[in-house]
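> Attaching a single structure in structure tokens format; questions to follow.
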Amino acid sequence: MNQRDSLRSVCDNRILILSCRTIRNFTCVHLSKMKTLVILCILLTVASSYQYTKCELAHVLQRSGLDGLRGYSLADWVCLVQYESSYDTGAIGRNRRRDVVVSSDYGLFQINSHWWCDDHQTRNSHNGCHRDCNNFLDSDITDDIQCVRRVIRDAQGMNAWYGWQNNCKGQDLSRFLAECNL
């Protein structure tokens, strides 16, 4: 167990212990310590995201078999990720209608909470990938890749992503892989 896992375990246990006590037993000192602990746990969760470089991601996606899947090139995938999340696995985008959040997009591929995952906030989520949206925010993109494989099986294919539609579709994408030594 590394230091981060050890600290996360401590955070989980302390929050559980603190949440099991009644409010009347807390003093100002306990509340102050609890606030500090909660903030530390939130920072640890956010810290588990990862910022890829373009070429690093290209190698990972190539090894995962996305190159050529359903006719989409590796350059299509790298371009999509650049315009959707800027290579950040912790990215969250909010989709608003009349200033109200109606769904959110999660992770490297900006997987949508209305159609593909459950964020426990979006009404009538279809959850087509049968995943919690928060699973797409960490550095392990295995589940993200499984989900995007499901997304592109639909008739829309990569048109499901506006970042790809508006910036990559029909374009010369060779610049996305030019310096990657694939």
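Naming works like this for the structure tokens: A, B, ... for the chains as they're shown, residue 1 at the start of each chain, ligands 1 onward in shown order.
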Sort by chain and increasing residue number a table of all residues of segment 74-97 of chain A within 9 Å of segment 154-168 of chain A, each with its closest pair of atoms and their distance in Å to one decimal, counting only C-alpha atoms, and write it as CSV.


residue,atom,partner,partner_atom,distance
A:Ala75,CA,A:Cys168,CA,8.9
A:Asp76,CA,A:Cys168,CA,6.6
A:Trp77,CA,A:Trp164,CA,8.5
A:Cys79,CA,A:Cys168,CA,6.1
A:Leu80,CA,A:Trp164,CA,4.8
A:Val81,CA,A:Gly163,CA,8.1
A:Gln82,CA,A:Gly163,CA,8.4
A:Tyr83,CA,A:Gly163,CA,5.1
A:Glu84,CA,A:Gly163,CA,5.4

> Run DSSP on the backbone of this structure and report the residues of segment 36-173 of chain A it assigns to strand (DSSP E or B), as a JSON list (two decimals) with C-alpha atoms, in the first residue's frame.


[["chain", "number", "residue", "atom", "x", "y", "z"],
["A", 51, "GLN", "CA", -2.87, 14.75, -17.50],
["A", 88, "ASP", "CA", -7.11, 15.49, -18.60],
["A", 92, "ILE", "CA", -15.83, 17.57, -15.96],
["A", 93, "GLY", "CA", -18.01, 19.57, -18.33],
["A", 94, "ARG", "CA", -21.48, 20.85, -17.43],
["A", 95, "ASN", "CA", -24.21, 20.98, -20.06],
["A", 96, "ARG", "CA", -26.74, 23.69, -19.36],
["A", 97, "ARG", "CA", -30.15, 24.54, -20.71],
["A", 100, "VAL", "CA", -29.74, 24.77, -15.43],
["A", 101, "VAL", "CA", -27.31, 21.84, -15.56],
["A", 102, "VAL", "CA", -29.09, 19.07, -17.47],
["A", 103, "SER", "CA", -26.17, 16.64, -17.76],
["A", 104, "SER", "CA", -22.42, 16.49, -17.29],
["A", 105, "ASP", "CA", -19.49, 15.03, -19.24],
["A", 106, "TYR", "CA", -16.81, 13.08, -17.41],
["A", 111, "ILE", "CA", -18.63, 10.62, -21.29],
["A", 112, "ASN", "CA", -22.13, 12.03, -20.90],
["A", 118, "ASP", "CA", -24.83, 7.65, -13.81],
["A", 132, "ASP", "CA", -20.81, 5.50, -12.20]]

> For atom CA of Asn181 of chain A and atom CA of Gln110 of chain A, determine how far apart the two atoms are, in Å to one decimal place.

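Separation between atom CA of Asn181 of chain A and atom CA of Gln110 of chain A: 26.4 Å.
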
> Just the number, please: distance in Å from atom CA of Val78 of chain A to atom CA of Ile152 of chain A, one decimal.

15.0 Å

> Skip Leu66 of chain A itself and residues of its chain fewer than 6 positions away, then list as a list of chain:residue names all residues within 10 Å of it, counting only C-alpha atoms.

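That gives A:Ala58, A:Val60, A:Tyr72, A:Ser73, A:Leu74, A:Asp76, A:Trp77, A:Ile145, A:Val148, A:Arg149.
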
> Any idea what the distance is between atom CA of Arg63 of chain A and atom CA of Arg153 of chain A?

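Between atom CA of Arg63 of chain A and atom CA of Arg153 of chain A the gap is 19.7 Å.
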
> Between A:Tyr50, A:Arg70, A:Gln146, A:His120, which residue has the minimum interatomic distance to Gly107 of chain A, considering only C-alpha atoms?

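Using only C-alpha atoms, the shortest distance to Gly107 of chain A belongs to A:Tyr50.
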
> Using DSSP on the backbone coordinates, identify all residues within segment 61-157 of chain A classified as helix (DSSP H, G or I); present the result as a ChimeraX atom specification.

/A:61-63,69-71,74-85,133-137,142-151,157

> Ranking A:Lys169, A:Ser86, A:Ser48, A:Leu69 by minimum distance to Asn134 of chain A and counting only C-alpha atoms, which one comes first?

A:Ser48

> Restricting the calculation to only C-alpha atoms, which member of A:Ser125, A:Ser113, A:Ser64, A:Thr53 is positioned closest to Ile141 of chain A?

A:Ser64
